[in-house]
Amino acid sequence: MKRLIALTAMSLALAFGGAAVAQDRKTDAPPAATAATAPAAAATPAAAAAPTPNKGDVAWMLVSTALVLMMSVPALALFYGGMVRSKNMLSMLMQVFVVFSLVTVLWCVYGYSLAFTEGNAFFGGFDRVFLKGTFDATRDQPFSMAATFSKGTPLYELAYVAFQATFAAITCALILGAFAERAKFSAVLLFIVIWFTFSYIPIAHMVWFWQGPDAYTSAKVVDEMNSKAGLLWQWGALDFAGGTVVHINAGVAGLVGAYVMGKRIGYGREPLKPHNLPMTMIGASLLWTGWFGFNAGSALEANGSAALAFMNTYLATACAVLGWMFIEWLSKGKPSMLGAASGAVAGLVAITPAAGNVGIPGAFVIGFAAGVVCFWGVTGLKRMLKVDDTLDVFGVHALGGILGALLTGIFNAPQLGGPSFAVDQFTGKLVSAADYSIAGQLLTQAKAVGLTVLWTAVVAFIAYKIVDVVIGLRVPEEDERIGLDITSHEESAYNA
Amino acid sequence: MKLVTAVIKPFKLDEVREALSAIGVQGITVTEVKGFGRQKGHTELYRGAEYVVDFLPKVKVEAAIRDEMLEQVIEAVEKSASTGKIGDGKIFVFDLEQVVRIRTGETGADAL
C-alpha cells in the first residue's frame, strides 16, 4: 500500500511533465535567453561573432553549483539530522536526500522552463521542457546562452539551469525540518511536488526572471522589456540570492505544515532533545562553506559583485554567531553550541537577499540583527505561535529571510555604503545617493515579502490539505513512538 | 558473608578500586547506573526548550566479602569515594547467603 502511494506520487510528477510537453507544442515564443541575445546580434555587423562565455565565469558557476549541492547533501541533512532524536535520524537524512533528487528531476522536466522562460508575470512558458534546446549538436552553436548581469557576457544556459536547480532543490528540502519526526514519507513527496510547482516556480519567476541586459538595446525598449519580466522584478524588489524565493517561501510553507500536521507526541511534556549536536555543528559549517556558492555564485559572474557577496556572506554570518551567542548568554545564562550553529544559519539566511546588494556596513548590521531576531524567533515568538515547528524553519528561515529582505532595502542605499541599483537597464546608470529613496525601497521590499508570505502560505495550505485527503499527512501514533527510521524505512541509524 | 553495594561518582571509580584492592578485596562488579538523591539534576536548554534532567549518571560497585572485613571495606569506600560535596553517593550492606565459584564448585567463604 505504502509503495503504491509513493508510486502514485512519482507518476503524478511525470504526468505534470507530460502535460507540459503537450502544451509546449502550442507555444512558439522563444525563451528569454535566446531572445536576449537576438536583438544584440541584429544590432551589430554580421561579421562580428556572438559573444562567448568567459571561461572564468563558467568555471566559477560550475563550482558554485557544486557548492550549493553540498549545502543540501550533506550539510542541511546533517544540520537537521543532528537535531532530531536518534530514532528519526535516517528519516531526516532520507527526506532531504530524496526531496533534493526529486526536485532536481522535476526541475529538468518542467521546473526550469516554467520559472525561467518568457511567459506572463507569474509563470514562464514551456519552451525548455526537458531542457529542450539547451544543447543541440546539430546547430552551429550547440549550446544556448543565458544572460548574466553584464552586457555581452553570456553564460552557457546549462550552467544556469544546473545552478538554479540546486536552489529549487534546497528550498524544498528546507521545509522538511518544520514537520520532522512525524510526517509520512509518501506524503512528503507528494506535498513537495505540488508546492514546488505552484509556489517555488512562480515565486522564482516573479522575482528573478527578466530579459537580461542584452535585451535592453535602446532607451525605447526599456519599458517593453521590463513588462516581460516577473512581477516582483517589475516592482523593483531586490533579492540577490533568494531571501523571498528560498527562505521566506520555504519558512512559511514549513510553519503552515507544522500547524496542519499538529504537534509531535510528547511535545512540551517529554524531552525531545537533539541526538547529535556535533553533526549539527558540522552541518552548519558546511552550510557556511556552501553558501559562498549560493550567494557569491548568484552574481552569475566571477567579478566584483561576487567578491562583495562573498565577503558579506562571510562577515554577516560571523556577526550573527556572536549576536545569537551574546543574546542567549545574557537571557538564558549560558552560550550554547546549538545556539552558535543556529546563529550562523540565521546570519546566512538574512544576508542572502542582501549579499551583493549591500556594502560592508549592511553586512555588520544584518548579521548582528539576524542573530538577535532569530533567537527571539525560536524562543519568544515560537511560544506565542504555539506551534511545534520541529527544527525552527520559520523562526530561522522565514524570519531571517524577512529581516534580510527588509534591511536590503535600507542598506542598498549608496548613502549607507550600498551599491545602489540601476536607474534603467539600458544605460545601467546607478541611482545616486541624492535620488535614492530608502523609504521607497523599503516599501517595495515589504510588498515583495508580503506577496511571498501570502502566496506560499495559501499554496502550502491547499497542498497539505490535498495530501491529507489523498494519503494522510502523519504516520500512525505507534509508528511515531517507535521512530520513523524503523517504521518508514526499516533500518536504524546506529547499530553499535 | 556480606554484599557491599556502593553508588559513587563515576570519576571516583579508580580510587575506590585501588582502596579495595589494597585491603585485600578479591573482586568487584561495576555497573553504570542513573538515579537521583539529594543532589539535584540539571536543566538543558535547546533553542529555548528547557528540559530538566533528573537522573544523574553514577557508578554502582558491588563487592562480596567476609564478615570480618566489613568495617575495613566501608571505611575504604567512604574515604576513597568522598569529595565532601553533595552527590558522593551511598553504601548499602546486605547479608549474603551463598557464594559459588563456578569453575571449581567451591562454596561459601572459600569461593570469595
# chains A, B, ... in the order shown; residues from 1 in each chain; ligands from 1
call {"tool": "interface_residues", "arguments": {"of": "chain A", "to": "chain B", "cutoff": "12 Å", "atoms": "only C-alpha atoms", "output": "PyMOL selection string"}}
result
chain A and resi 83-84+267-275+277+324-325+327-329+331-343+374-383+388-392+395-396
call {"tool": "write_last_selection", "arguments": {"atoms": "C-alpha atoms", "output": "compact mmCIF listing (two decimals), in the first residue's frame"}}
result
# COMPACT_ATOMS: atom_id res chain seq x y z
CA MET A 83 18.67 17.94 15.98
CA VAL A 84 16.17 15.09 15.78
CA TYR A 267 5.77 17.96 22.75
CA GLY A 268 6.13 20.20 25.79
CA ARG A 269 5.92 17.22 28.18
CA GLU A 270 8.81 14.87 27.39
CA PRO A 271 12.36 15.83 26.48
CA LEU A 272 12.68 15.90 22.68
CA LYS A 273 16.40 16.51 22.67
CA PRO A 274 18.78 16.77 19.71
CA HIS A 275 20.60 13.45 19.47
CA LEU A 277 24.91 18.25 18.15
CA TRP A 324 22.93 34.92 18.86
CA MET A 325 25.55 33.79 21.37
CA ILE A 327 21.77 37.36 23.50
CA GLU A 328 21.49 33.73 24.62
CA TRP A 329 24.26 34.18 27.17
CA SER A 331 19.00 35.93 28.64
CA LYS A 332 19.46 32.21 29.39
CA GLY A 333 22.71 32.21 31.30
CA LYS A 334 24.89 30.06 29.03
CA PRO A 335 26.12 30.30 25.43
CA SER A 336 25.32 27.03 23.64
CA MET A 337 26.83 25.25 20.65
CA LEU A 338 23.40 24.73 19.14
CA GLY A 339 22.84 28.47 19.55
CA ALA A 340 26.08 29.35 17.78
CA ALA A 341 25.28 26.97 14.91
CA SER A 342 21.75 28.34 14.68
CA GLY A 343 23.12 31.87 14.67
CA CYS A 374 16.11 34.80 15.02
CA PHE A 375 16.98 33.90 18.63
CA TRP A 376 13.72 35.57 19.57
CA GLY A 377 12.09 33.72 16.66
CA VAL A 378 12.88 30.30 18.14
CA THR A 379 12.11 31.29 21.75
CA GLY A 380 9.62 34.12 22.41
CA LEU A 381 7.90 34.15 19.04
CA LYS A 382 7.71 30.35 18.93
CA ARG A 383 5.95 30.29 22.29
CA ASP A 388 5.68 22.58 17.00
CA ASP A 389 7.95 23.73 14.19
CA THR A 390 10.38 20.90 14.94
CA LEU A 391 13.63 22.46 13.72
CA ASP A 392 12.53 26.12 13.67
CA GLY A 395 11.99 31.14 13.28
CA VAL A 396 15.28 30.93 11.39
call {"tool": "residues_around", "arguments": {"residues": "Ser21 of chain B", "least_positions_apart": "3", "cutoff": "12 Å", "atoms": "only C-alpha atoms", "output": "list in words"}}
result
Asp14, Glu15, Val16, Arg17, Glu18, Gly24, Val25, Gln26, Gly27, Ile28, Ala63, Gln72, Val73, Ala76, Val77 and Ser80 of chain B
call {"tool": "write_last_selection", "arguments": {"atoms": "N, CA and C atoms", "output": "PDB file, in the first residue's frame"}}
result
ATOM      1  N   ASP B  14      38.232   4.627  40.033  1.00  0.00           N
ATOM      2  CA  ASP B  14      39.601   4.110  40.124  1.00  0.00           C
ATOM      3  C   ASP B  14      40.131   4.136  41.552  1.00  0.00           C
ATOM      4  N   GLU B  15      39.865   5.245  42.247  1.00  0.00           N
ATOM      5  CA  GLU B  15      40.349   5.353  43.639  1.00  0.00           C
ATOM      6  C   GLU B  15      39.709   4.303  44.524  1.00  0.00           C
ATOM      7  N   VAL B  16      38.405   4.064  44.306  1.00  0.00           N
ATOM      8  CA  VAL B  16      37.694   3.071  45.118  1.00  0.00           C
ATOM      9  C   VAL B  16      38.259   1.678  44.837  1.00  0.00           C
ATOM     10  N   ARG B  17      38.488   1.382  43.540  1.00  0.00           N
ATOM     11  CA  ARG B  17      39.039   0.062  43.202  1.00  0.00           C
ATOM     12  C   ARG B  17      40.406  -0.140  43.865  1.00  0.00           C
ATOM     13  N   GLU B  18      41.246   0.893  43.810  1.00  0.00           N
ATOM     14  CA  GLU B  18      42.582   0.785  44.410  1.00  0.00           C
ATOM     15  C   GLU B  18      42.502   0.578  45.915  1.00  0.00           C
ATOM     16  N   GLY B  24      42.646  -6.005  50.363  1.00  0.00           N
ATOM     17  CA  GLY B  24      42.521  -7.439  50.105  1.00  0.00           C
ATOM     18  C   GLY B  24      41.184  -7.903  49.566  1.00  0.00           C
ATOM     19  N   VAL B  25      40.349  -7.008  49.079  1.00  0.00           N
ATOM     20  CA  VAL B  25      39.112  -7.453  48.433  1.00  0.00           C
ATOM     21  C   VAL B  25      39.487  -8.105  47.106  1.00  0.00           C
ATOM     22  N   GLN B  26      38.967  -9.327  46.858  1.00  0.00           N
ATOM     23  CA  GLN B  26      39.418 -10.131  45.727  1.00  0.00           C
ATOM     24  C   GLN B  26      38.788  -9.745  44.385  1.00  0.00           C
ATOM     25  N   GLY B  27      37.611  -9.147  44.450  1.00  0.00           N
ATOM     26  CA  GLY B  27      36.989  -8.797  43.166  1.00  0.00           C
ATOM     27  C   GLY B  27      35.803  -7.876  43.372  1.00  0.00           C
ATOM     28  N   ILE B  28      35.480  -7.093  42.358  1.00  0.00           N
ATOM     29  CA  ILE B  28      34.287  -6.242  42.425  1.00  0.00           C
ATOM     30  C   ILE B  28      33.550  -6.303  41.084  1.00  0.00           C
ATOM     31  N   ALA B  63      30.753  -5.575  46.019  1.00  0.00           N
ATOM     32  CA  ALA B  63      31.845  -6.433  46.490  1.00  0.00           C
ATOM     33  C   ALA B  63      31.293  -7.444  47.494  1.00  0.00           C
ATOM     34  N   GLN B  72      36.397  -2.485  57.556  1.00  0.00           N
ATOM     35  CA  GLN B  72      37.504  -2.013  56.720  1.00  0.00           C
ATOM     36  C   GLN B  72      37.021  -1.568  55.342  1.00  0.00           C
ATOM     37  N   VAL B  73      36.138  -2.397  54.751  1.00  0.00           N
ATOM     38  CA  VAL B  73      35.646  -2.108  53.403  1.00  0.00           C
ATOM     39  C   VAL B  73      34.847  -0.807  53.404  1.00  0.00           C
ATOM     40  N   ALA B  76      37.163   2.048  53.678  1.00  0.00           N
ATOM     41  CA  ALA B  76      37.943   2.269  52.447  1.00  0.00           C
ATOM     42  C   ALA B  76      37.098   2.971  51.385  1.00  0.00           C
ATOM     43  N   VAL B  77      35.862   2.507  51.207  1.00  0.00           N
ATOM     44  CA  VAL B  77      34.995   3.123  50.194  1.00  0.00           C
ATOM     45  C   VAL B  77      34.665   4.553  50.591  1.00  0.00           C
ATOM     46  N   SER B  80      37.741   6.769  49.971  1.00  0.00           N
ATOM     47  CA  SER B  80      38.188   6.940  48.589  1.00  0.00           C
ATOM     48  C   SER B  80      37.129   7.600  47.701  1.00  0.00           C
TER      49      SER B  80
END
call {"tool": "residues_around", "arguments": {"residues": "Phe11 of chain B", "least_positions_apart": "6", "cutoff": "12 Å", "atoms": "only C-alpha atoms", "output": "VMD selection string"}}
result
chain B and resid 17 32 57 to 60 80 to 83 88
call {"tool": "write_last_selection", "arguments": {"atoms": "C-alpha atoms", "output": "short mmCIF file (atom, residue, chain, number, x, y, z; two decimals), in the first residue's frame"}}
result
data_model
loop_
_atom_site.label_atom_id
_atom_site.label_comp_id
_atom_site.auth_asym_id
_atom_site.auth_seq_id
_atom_site.Cartn_x
_atom_site.Cartn_y
_atom_site.Cartn_z
CA ARG B 17 39.04 0.06 43.20
CA GLU B 32 26.99 2.25 35.09
CA PRO B 57 24.97 9.14 35.95
CA LYS B 58 26.60 7.18 38.78
CA VAL B 59 28.66 4.01 39.13
CA LYS B 60 27.48 1.09 41.25
CA SER B 80 38.19 6.94 48.59
CA ALA B 81 34.80 7.97 47.19
CA SER B 82 34.43 11.14 49.22
CA THR B 83 34.71 14.64 47.78
CA ASP B 88 29.04 11.48 46.72
#
call {"tool": "select_by_dssp", "arguments": {"residues": "segment 51-87 of chain B", "states": "strand (DSSP E or B)", "output": "ChimeraX atom specification"}}
result
/B:51-53,56-65
call {"tool": "decode", "arguments": {"residues": "segment 28-138 of chain A", "atoms": "C-alpha atoms", "output": "CSV table (one decimal), in the first residue's frame"}}
result
chain,number,residue,atom,x,y,z
A,28,ASP,CA,6.0,29.5,-30.1
A,29,ALA,CA,7.6,32.2,-28.1
A,30,PRO,CA,11.3,31.8,-27.9
A,31,PRO,CA,12.9,31.5,-24.5
A,32,ALA,CA,14.2,34.6,-22.9
A,33,ALA,CA,17.8,33.5,-23.1
A,34,THR,CA,17.7,33.3,-26.9
A,35,ALA,CA,15.6,36.4,-27.2
A,36,ALA,CA,18.1,38.3,-25.1
A,37,THR,CA,20.9,37.7,-27.5
A,38,ALA,CA,19.0,38.0,-30.7
A,39,PRO,CA,18.5,41.8,-30.8
A,40,ALA,CA,22.1,42.4,-29.8
A,41,ALA,CA,23.3,40.2,-32.7
A,42,ALA,CA,21.0,42.1,-35.1
A,43,ALA,CA,22.3,45.5,-34.0
A,44,THR,CA,26.0,44.6,-34.6
A,45,PRO,CA,27.5,44.0,-38.1
A,46,ALA,CA,27.0,40.4,-39.4
A,47,ALA,CA,30.7,39.8,-39.4
A,48,ALA,CA,31.0,40.3,-35.6
A,49,ALA,CA,30.8,36.9,-33.8
A,50,ALA,CA,28.2,36.4,-31.0
A,51,PRO,CA,29.8,36.9,-27.6
A,52,THR,CA,31.1,33.7,-26.0
A,53,PRO,CA,31.0,32.9,-22.3
A,54,ASN,CA,34.0,33.9,-20.2
A,55,LYS,CA,35.9,30.8,-19.1
A,56,GLY,CA,36.4,32.2,-15.6
A,57,ASP,CA,32.7,32.9,-15.2
A,58,VAL,CA,31.8,29.4,-16.4
A,59,ALA,CA,34.3,27.8,-14.0
A,60,TRP,CA,33.0,29.9,-11.1
A,61,MET,CA,29.4,29.0,-11.8
A,62,LEU,CA,30.1,25.3,-12.1
A,63,VAL,CA,32.0,25.3,-8.8
A,64,SER,CA,29.2,27.4,-7.2
A,65,THR,CA,26.6,24.9,-8.3
A,66,ALA,CA,28.5,22.0,-6.7
A,67,LEU,CA,28.9,24.1,-3.5
A,68,VAL,CA,25.1,24.6,-3.4
A,69,LEU,CA,24.6,20.9,-3.9
A,70,MET,CA,26.8,20.3,-0.9
A,71,MET,CA,24.6,22.6,1.2
A,72,SER,CA,21.7,20.2,0.9
A,73,VAL,CA,23.6,16.9,0.9
A,74,PRO,CA,25.2,16.5,3.3
A,75,ALA,CA,25.1,19.9,5.0
A,76,LEU,CA,21.4,20.5,5.6
A,77,ALA,CA,20.8,16.8,6.2
A,78,LEU,CA,23.4,16.8,8.9
A,79,PHE,CA,22.3,20.1,10.4
A,80,TYR,CA,18.7,18.8,10.7
A,81,GLY,CA,19.6,15.2,11.4
A,82,GLY,CA,21.7,16.1,14.5
A,83,MET,CA,18.7,17.9,16.0
A,84,VAL,CA,16.2,15.1,15.8
A,85,ARG,CA,16.1,12.1,18.1
A,86,SER,CA,18.2,9.1,17.1
A,87,LYS,CA,15.2,7.1,16.2
A,88,ASN,CA,14.3,9.6,13.4
A,89,MET,CA,17.8,10.2,12.1
A,90,LEU,CA,17.6,8.2,8.9
A,91,SER,CA,14.1,9.6,8.2
A,92,MET,CA,15.5,13.1,8.3
A,93,LEU,CA,18.5,12.2,6.1
A,94,MET,CA,16.4,10.3,3.7
A,95,GLN,CA,13.8,13.1,3.3
A,96,VAL,CA,16.4,15.6,2.5
A,97,PHE,CA,18.3,13.3,0.1
A,98,VAL,CA,15.2,12.2,-1.8
A,99,VAL,CA,13.5,15.6,-2.0
A,100,PHE,CA,16.7,17.0,-3.3
A,101,SER,CA,16.8,14.4,-6.0
A,102,LEU,CA,13.1,14.6,-6.8
A,103,VAL,CA,13.1,18.4,-7.3
A,104,THR,CA,16.2,18.1,-9.4
A,105,VAL,CA,14.4,15.8,-11.8
A,106,LEU,CA,11.2,18.0,-11.8
A,107,TRP,CA,13.4,21.0,-12.5
A,108,CYS,CA,14.8,19.4,-15.6
A,109,VAL,CA,11.4,18.1,-16.7
A,110,TYR,CA,9.4,21.3,-16.4
A,111,GLY,CA,10.6,23.5,-13.5
A,112,TYR,CA,13.3,25.4,-15.2
A,113,SER,CA,11.1,26.1,-18.2
A,114,LEU,CA,8.2,27.4,-16.1
A,115,ALA,CA,10.5,29.5,-14.0
A,116,PHE,CA,13.0,31.0,-16.4
A,117,THR,CA,11.4,31.3,-19.8
A,118,GLU,CA,9.2,34.1,-21.0
A,119,GLY,CA,5.5,33.8,-20.1
A,120,ASN,CA,3.4,36.1,-18.0
A,121,ALA,CA,4.3,37.9,-14.8
A,122,PHE,CA,3.7,34.8,-12.7
A,123,PHE,CA,4.8,31.8,-14.7
A,124,GLY,CA,7.1,31.2,-17.6
A,125,GLY,CA,6.4,29.1,-20.7
A,126,PHE,CA,7.0,25.5,-21.8
A,127,ASP,CA,9.9,26.1,-24.3
A,128,ARG,CA,12.5,24.5,-22.1
A,129,VAL,CA,10.6,21.4,-21.1
A,130,PHE,CA,13.0,18.5,-20.6
A,131,LEU,CA,15.6,21.3,-21.2
A,132,LYS,CA,14.8,21.2,-24.9
A,133,GLY,CA,17.1,23.4,-26.9
A,134,THR,CA,19.8,23.9,-24.3
A,135,PHE,CA,22.1,21.6,-26.1
A,136,ASP,CA,21.8,20.5,-29.7
A,137,ALA,CA,24.9,19.2,-31.5
A,138,THR,CA,23.3,19.7,-34.9
